[in-house]
Amino acid sequence: MAKTKKKIKVAFPHMGTISIAWASALRKIGVEPLVPPYTSKRTLSLGTKHSPEAICLPYKLILGNFIEAIENGADYVAMITSPGICRLGEYGNNIKETLKDLGYKANYIELSLYDGFKGLYKFLVELTGRNNPIQIIRTLNICIRKIFVIDEFDTELSYYRAREIKQDEAEKNYKKALNLVKSAERTSDLKKAYKKGLEIIRSTKIDPDREVLNVDITGEIFLVNDEFSNQYLERELGRMGVQTRRSLTVSSFLKDAIIPKAFRKGETHLERANRLAKPYLMRDIGGDALECISDVAYADERKIDGIIHISPFTCMPEIMSQNIFPAMREDCDIPILALIMDEQTGRAGYITRLEAFVDLMRRKKRRGKLGGKLGGKFEGKSGDKSSAKQETMEENSEKV
Ligand code: SF4
C-alpha cells in the first residue's frame with residue numbers, strides 16, 4: 001500500500017477528542033488523516049440504518065463515522081478492536097462486511113488492543129509500508145503525550161465549568177487550548193501548548209464560593225469519553241454546578257495497555273480495579289465492568305457526592321455491573337445514577353433525571369453538613385445509611 005506515490009487518506013472513528021491525537025500521529029508518519037465530520041444525528045441515523053438492531057450504540061456511531069469518512073474520500077478506515085469477551089471482538093468483521101455490502105471500495109484495517117505497544121508499532125508499519133523505528137517511536141511519543149495533555153485539560157475544564165460566572169466561557173477557553181494542542185508538531189511545541197492552554201482555561205472568571213458538587217463518571221469507555229453519545233453529560237452537569245471526574249479516560253487506558261511498567265508512576269486504573277473490585281467481582285467479564293465496580297468503591301472511599309454510571313443499551317458487561325451495584329450498598333454509601341443510552345434516548349427525560357440526581361446529592365450534602373453542626377444529634381437522619389441506600393435504589397438502573 002505504501003508503494004503508491006499518492007498520499008493515502010486514513011480515517012479513524014471519533015471518540016470525544018481522540019481525533020486530535022491520531023490525526024497528528026498519521027501526519028507525522030506521512031499519511032494524510034481524514035477526520036470525518038464530528039458525530040451528528042446524521043452519523044447516528046446512517047449507522048443505525050445499516051446495523052443489526054440490537055447491537056450496542058458505539059458500533060452504530062463508528063459505522064456512521066466510517067460511512068461519512070468514505071463519502072469524504074477516505075482510502076482506509078481504521079478500527080481499534082480486541083478479541084475480548086464482549087461484542088467489540090465482533091465489530092471488525094461486521095463493519096468490514098457491511099461496508100463491502102454497501103459497495104464501498106475503501107480498505108478496512110485493524111489495530112488490536114491486546115497487542116499493546118508492539119501492536120501499535122506493527123499497525124503503523126503496515127499503514128506506511130516503512131519500518132523506521134525512530135520515526136515510529138517519535139510518532140507514538142507525541143500522540144500519547146497529546147492524549148495526556150487533553151485529559152488534563154478536560155479535568156481543568158470541569159473545575160472551571162462548575163464555577164464559571166458566564167455560561168460556556170470555560171468551554172470556549174478549552175477549545176482555544178485544544179487548538180494549540182492540535183497544531184503542536186513537536187514535543188517542544190506541545191510543552192508550550194500545554195502551558196499556554198492551561199493559562200487560557202484558568203483565565204475563566206469563576207465564583208469561588210459556589211456550592212459545587214463532585215461527581216465521578218464511570219461506565220462503558222466509549223460513552224464516558226464521547227460527548228455526542230453521552231448527550232453532553234459533563235456540560236449539562238457543569239451548568240448545574242457539578243464538577244465531574246472521568247474514571248475511565250483514554251490516558252488511563254493507555255497506561256494499562258500500551259505504556260511499559262517501567263515508565264508508569266503509581267497504581268494504574270486496572271491495578272486499582274483488580275484490588276477494589278475483588279469483593280464483588282472476581283474476574284474480568286469483558287468491557288469495563290471490573291473498572292466500573294472498582295470506580296464505585298473508589299468514589300465512596302473518597303467520600304465524593306455521587307457517581308454516574310453510563311452504558312449503552314444491551315451492553316452485556318455493563319448490565320452485569322449494574323446488577324452488582326445493589327450488593328455494594330452494604331459497604332458503599334454513595335448515590336449512584338445508572339444511565340442507559342441508545343438512539344431513542346430523549347433529551348428532556350435525560351435532563352430531568354440529571355436534575356433530580358443533582359438535587360438528591362445536594363440535599364444529602366446539606367443534611368450531612370447540618371448533622372455535623374448539630375454535633376451528631378442529627379446523625380440519625382443525615383448519616384442514615386438506609387435512607388441513602390433507599391435514594392440510591394430509587395435512582396438506580398432505569399432506562400432513560
Ligand atoms: S463494552 Fe458493551 S458497548 Fe462496548 S463493545 Fe462491548 S458490549 Fe458493546
# chains A, B, ... in the order shown; residues from 1 in each chain; ligands from 1
>>> residues_around(residues="segment 93-107 of chain A", least_positions_apart="3", cutoff="10 Å", atoms="only C-alpha atoms", output="PyMOL selection string")
chain A and resi 9-10+50-52+59-60+62-63+66-67+69-71+73-79+89-90+110
>>> residues_near_ligand(ligand="ligand 1", cutoff="8 Å", atoms="only C-alpha atoms and all ligand atoms", output="mmCIF file with N, CA, C and O atoms, in the first residue's frame")
data_model
loop_
_atom_site.group_PDB
_atom_site.id
_atom_site.type_symbol
_atom_site.label_atom_id
_atom_site.label_comp_id
_atom_site.auth_asym_id
_atom_site.auth_seq_id
_atom_site.Cartn_x
_atom_site.Cartn_y
_atom_site.Cartn_z
ATOM 1 N N ILE A 55 -27.504 -4.267 18.300
ATOM 2 C CA ILE A 55 -26.073 -4.036 18.571
ATOM 3 C C ILE A 55 -25.923 -2.763 19.410
ATOM 4 O O ILE A 55 -26.781 -1.886 19.389
ATOM 5 N N CYS A 56 -24.801 -2.671 20.128
ATOM 6 C CA CYS A 56 -24.639 -1.538 21.045
ATOM 7 C C CYS A 56 -24.360 -0.221 20.292
ATOM 8 O O CYS A 56 -23.871 -0.230 19.156
ATOM 9 N N LEU A 57 -24.675 0.881 20.991
ATOM 10 C CA LEU A 57 -24.597 2.218 20.392
ATOM 11 C C LEU A 57 -23.226 2.557 19.776
ATOM 12 O O LEU A 57 -23.175 3.106 18.668
ATOM 13 N N PRO A 58 -22.093 2.260 20.445
ATOM 14 C CA PRO A 58 -20.803 2.630 19.825
ATOM 15 C C PRO A 58 -20.635 2.045 18.420
ATOM 16 O O PRO A 58 -20.108 2.704 17.528
ATOM 17 N N TYR A 59 -21.110 0.823 18.221
ATOM 18 C CA TYR A 59 -20.995 0.195 16.890
ATOM 19 C C TYR A 59 -21.689 1.061 15.841
ATOM 20 O O TYR A 59 -21.151 1.340 14.770
ATOM 21 N N ILE A 85 -14.229 -10.571 25.485
ATOM 22 C CA ILE A 85 -15.442 -11.351 25.734
ATOM 23 C C ILE A 85 -16.682 -10.661 25.158
ATOM 24 O O ILE A 85 -17.642 -11.292 24.804
ATOM 25 N N CYS A 86 -16.651 -9.324 25.075
ATOM 26 C CA CYS A 86 -17.863 -8.625 24.646
ATOM 27 C C CYS A 86 -17.904 -8.465 23.124
ATOM 28 O O CYS A 86 -17.055 -8.974 22.408
ATOM 29 N N ARG A 87 -18.890 -7.705 22.645
ATOM 30 C CA ARG A 87 -19.111 -7.614 21.200
ATOM 31 C C ARG A 87 -18.045 -6.820 20.443
ATOM 32 O O ARG A 87 -18.048 -6.797 19.220
ATOM 33 N N LEU A 88 -17.143 -6.164 21.176
ATOM 34 C CA LEU A 88 -16.083 -5.414 20.492
ATOM 35 C C LEU A 88 -15.310 -6.340 19.546
ATOM 36 O O LEU A 88 -14.884 -5.944 18.467
ATOM 37 N N GLY A 89 -15.169 -7.610 19.971
ATOM 38 C CA GLY A 89 -14.477 -8.597 19.139
ATOM 39 C C GLY A 89 -15.182 -8.855 17.805
ATOM 40 O O GLY A 89 -14.565 -9.326 16.858
ATOM 41 N N TYR A 91 -17.012 -6.385 16.219
ATOM 42 C CA TYR A 91 -17.172 -5.137 15.469
ATOM 43 C C TYR A 91 -16.467 -5.205 14.106
ATOM 44 O O TYR A 91 -17.034 -4.861 13.082
ATOM 45 N N GLU A 220 -19.173 2.444 30.333
ATOM 46 C CA GLU A 220 -18.511 1.915 29.135
ATOM 47 C C GLU A 220 -17.625 3.021 28.557
ATOM 48 O O GLU A 220 -18.076 4.166 28.405
ATOM 49 N N ILE A 221 -16.379 2.701 28.249
ATOM 50 C CA ILE A 221 -15.377 3.740 27.955
ATOM 51 C C ILE A 221 -15.771 4.663 26.797
ATOM 52 O O ILE A 221 -15.536 5.870 26.855
ATOM 53 N N PHE A 222 -16.412 4.136 25.775
ATOM 54 C CA PHE A 222 -16.779 4.975 24.628
ATOM 55 C C PHE A 222 -17.784 6.037 25.070
ATOM 56 O O PHE A 222 -17.639 7.226 24.777
ATOM 57 N N GLY A 286 -15.298 -8.797 30.676
ATOM 58 C CA GLY A 286 -15.387 -8.081 29.395
ATOM 59 C C GLY A 286 -15.736 -6.622 29.577
ATOM 60 O O GLY A 286 -16.145 -6.201 30.664
ATOM 61 N N GLY A 287 -15.564 -5.862 28.518
ATOM 62 C CA GLY A 287 -15.854 -4.424 28.552
ATOM 63 C C GLY A 287 -15.120 -3.753 29.702
ATOM 64 O O GLY A 287 -13.953 -4.062 29.978
ATOM 65 N N ASP A 288 -15.825 -2.886 30.414
ATOM 66 C CA ASP A 288 -15.192 -2.132 31.505
ATOM 67 C C ASP A 288 -15.846 -2.447 32.851
ATOM 68 O O ASP A 288 -15.792 -1.634 33.773
ATOM 69 N N SER A 311 -23.986 3.633 30.239
ATOM 70 C CA SER A 311 -23.682 2.484 29.379
ATOM 71 C C SER A 311 -24.662 2.399 28.219
ATOM 72 O O SER A 311 -25.769 2.909 28.292
ATOM 73 N N PRO A 312 -24.255 1.723 27.133
ATOM 74 C CA PRO A 312 -25.170 1.568 26.009
ATOM 75 C C PRO A 312 -26.211 0.480 26.305
ATOM 76 O O PRO A 312 -25.910 -0.494 26.998
ATOM 77 N N PHE A 313 -27.385 0.663 25.774
ATOM 78 C CA PHE A 313 -28.448 -0.340 25.870
ATOM 79 C C PHE A 313 -27.900 -1.647 25.276
ATOM 80 O O PHE A 313 -27.206 -1.617 24.260
ATOM 81 N N THR A 314 -28.167 -2.753 25.910
ATOM 82 C CA THR A 314 -27.719 -4.113 25.529
ATOM 83 C C THR A 314 -26.225 -4.390 25.753
ATOM 84 O O THR A 314 -25.723 -5.402 25.282
ATOM 85 N N CYS A 315 -25.530 -3.513 26.435
ATOM 86 C CA CYS A 315 -24.107 -3.783 26.709
ATOM 87 C C CYS A 315 -24.013 -4.804 27.844
ATOM 88 O O CYS A 315 -24.307 -4.483 28.997
ATOM 89 N N MET A 316 -23.611 -6.008 27.506
ATOM 90 C CA MET A 316 -23.638 -7.105 28.475
ATOM 91 C C MET A 316 -22.755 -6.847 29.715
ATOM 92 O O MET A 316 -23.236 -6.956 30.840
ATOM 93 N N PRO A 317 -21.483 -6.447 29.551
ATOM 94 C CA PRO A 317 -20.662 -6.255 30.760
ATOM 95 C C PRO A 317 -21.247 -5.188 31.698
ATOM 96 O O PRO A 317 -21.208 -5.348 32.919
ATOM 97 N N GLU A 318 -21.836 -4.143 31.117
ATOM 98 C CA GLU A 318 -22.366 -3.080 31.991
ATOM 99 C C GLU A 318 -23.706 -3.460 32.619
ATOM 100 O O GLU A 318 -24.054 -2.973 33.684
#
>>> residues_around(residues="Thr155 of chain A", least_positions_apart="5", cutoff="12 Å", atoms="only C-alpha atoms", output="VMD selection string")
chain A and resid 148 to 150 160 to 162 170 to 171 174 198 201 to 202 216 234 238 243 to 247 249
>>> closest_atom_pairs(of="segment 225-262 of chain A", to="segment 346-368 of chain A", cutoff="10 Å", atoms="only C-alpha atoms", output="CSV")
residue,atom,partner,partner_atom,distance
A:Gln231,CA,A:Arg347,CA,7.7
A:Leu233,CA,A:Leu354,CA,8.7
A:Glu236,CA,A:Ile351,CA,7.8
A:Leu237,CA,A:Leu354,CA,7.5
A:Met240,CA,A:Val358,CA,7.6
A:Gly241,CA,A:Val358,CA,8.9
A:Val242,CA,A:Val358,CA,7.9
>>> write_last_selection(atoms="C-alpha atoms", output="mmCIF file, in the first residue's frame")
data_model
loop_
_atom_site.group_PDB
_atom_site.id
_atom_site.type_symbol
_atom_site.label_atom_id
_atom_site.label_comp_id
_atom_site.auth_asym_id
_atom_site.auth_seq_id
_atom_site.Cartn_x
_atom_site.Cartn_y
_atom_site.Cartn_z
ATOM 1 C CA GLN A 231 -25.580 13.675 25.249
ATOM 2 C CA LEU A 233 -23.355 14.801 30.075
ATOM 3 C CA GLU A 236 -25.048 19.587 31.459
ATOM 4 C CA LEU A 237 -23.724 18.724 34.905
ATOM 5 C CA MET A 240 -25.828 22.588 37.291
ATOM 6 C CA GLY A 241 -22.730 23.359 39.382
ATOM 7 C CA VAL A 242 -21.245 19.855 39.318
#
>>> atom_distance(atom1="atom CA of Ala54 of chain A", atom2="atom CA of Ser19 of chain A")
27.2 Å
>>> select_by_dssp(residues="segment 47-192 of chain A", states="strand (DSSP E or B)", output="list in words")
Tyr76, Val77, Ala78, Met79, Ile80, Thr81, Asn107, Tyr108, Ile109, Glu110, Leu111, Ser112 and Glu164 of chain A
>>> closest_atom_pairs(of="segment 207-282 of chain A", to="segment 116-125 of chain A", cutoff="9 Å", atoms="only C-alpha atoms", output="JSON lines")
{"residue": "A:Leu254", "atom": "CA", "partner": "A:Gly116", "partner_atom": "CA", "distance": 8.8}
{"residue": "A:Asp256", "atom": "CA", "partner": "A:Gly116", "partner_atom": "CA", "distance": 8.9}
{"residue": "A:Ala257", "atom": "CA", "partner": "A:Gly116", "partner_atom": "CA", "distance": 5.4}
{"residue": "A:Ile258", "atom": "CA", "partner": "A:Gly116", "partner_atom": "CA", "distance": 4.6}
{"residue": "A:Ile259", "atom": "CA", "partner": "A:Phe117", "partner_atom": "CA", "distance": 7.1}
{"residue": "A:Pro260", "atom": "CA", "partner": "A:Phe117", "partner_atom": "CA", "distance": 8.1}
>>> write_last_selection(atoms="N, CA, C and O atoms", output="JSON list (two decimals), in the first residue's frame")
[["chain", "number", "residue", "atom", "x", "y", "z"],
["A", 254, "LEU", "N", -4.35, 3.87, 28.25],
["A", 254, "LEU", "CA", -3.01, 3.72, 27.66],
["A", 254, "LEU", "C", -1.98, 3.26, 28.69],
["A", 254, "LEU", "O", -1.10, 2.46, 28.39],
["A", 256, "ASP", "N", -2.42, 1.31, 31.09],
["A", 256, "ASP", "CA", -2.54, -0.13, 31.29],
["A", 256, "ASP", "C", -2.17, -0.94, 30.06],
["A", 256, "ASP", "O", -1.56, -1.99, 30.17],
["A", 257, "ALA", "N", -2.57, -0.44, 28.88],
["A", 257, "ALA", "CA", -2.44, -1.28, 27.68],
["A", 257, "ALA", "C", -1.16, -1.07, 26.89],
["A", 257, "ALA", "O", -0.67, -1.99, 26.25],
["A", 258, "ILE", "N", -0.63, 0.15, 26.90],
["A", 258, "ILE", "CA", 0.48, 0.45, 25.98],
["A", 258, "ILE", "C", 1.79, 0.78, 26.70],
["A", 258, "ILE", "O", 2.85, 0.32, 26.30],
["A", 259, "ILE", "N", 1.68, 1.59, 27.76],
["A", 259, "ILE", "CA", 2.91, 2.11, 28.37],
["A", 259, "ILE", "C", 3.59, 1.04, 29.24],
["A", 259, "ILE", "O", 2.95, 0.49, 30.15],
["A", 260, "PRO", "N", 4.87, 0.72, 28.95],
["A", 260, "PRO", "CA", 5.54, -0.30, 29.75],
["A", 260, "PRO", "C", 5.62, 0.08, 31.24],
["A", 260, "PRO", "O", 5.70, 1.27, 31.58]]
>>> closest_residue(among="A:Gln135, A:Ser45, A:Thr218, A:Ser112", to="Leu26 of chain A", atoms="only C-alpha atoms")
A:Gln135
>>> atom_distance(atom1="atom CA of Gly64 of chain A", atom2="atom CA of Val35 of chain A")
13.0 Å
>>> residues_around(residues="Tyr298 of chain A", least_positions_apart="3", cutoff="10 Å", atoms="only C-alpha atoms", output="PDB file with C-alpha atoms, in the first residue's frame")
ATOM      1  CA  ASP A 216     -17.341  10.663  39.170  1.00  0.00           C
ATOM      2  CA  SER A 247     -12.892   7.484  35.993  1.00  0.00           C
ATOM      3  CA  ARG A 272      -6.815  -0.429  41.274  1.00  0.00           C
ATOM      4  CA  ALA A 273      -9.758  -2.195  39.645  1.00  0.00           C
ATOM      5  CA  LEU A 276     -11.067  -2.778  44.792  1.00  0.00           C
ATOM      6  CA  ALA A 277     -13.475  -4.859  42.705  1.00  0.00           C
ATOM      7  CA  CYS A 292     -16.787   0.283  36.912  1.00  0.00           C
ATOM      8  CA  ILE A 293     -17.288  -1.806  40.038  1.00  0.00           C
ATOM      9  CA  SER A 294     -13.997  -0.575  41.457  1.00  0.00           C
ATOM     10  CA  ASP A 295     -14.835   3.019  40.489  1.00  0.00           C
ATOM     11  CA  GLU A 301     -13.611   5.782  49.601  1.00  0.00           C
ATOM     12  CA  ARG A 302     -13.004   9.438  48.640  1.00  0.00           C
ATOM     13  CA  LYS A 303     -16.405  10.476  50.041  1.00  0.00           C
ATOM     14  CA  ILE A 304     -17.434  12.340  46.937  1.00  0.00           C
ATOM     15  CA  CYS A 332     -20.678   1.906  49.877  1.00  0.00           C
TER      16      CYS A 332
END
>>> residues_around(residues="Pro36 of chain A", least_positions_apart="2", cutoff="7 Å", atoms="only C-alpha atoms", output="number ranges by chain")
A: 11, 34, 38, 65, 68-69
>>> atom_distance(atom1="atom CA of Glu164 of chain A", atom2="atom CA of Ser203 of chain A")
10.3 Å
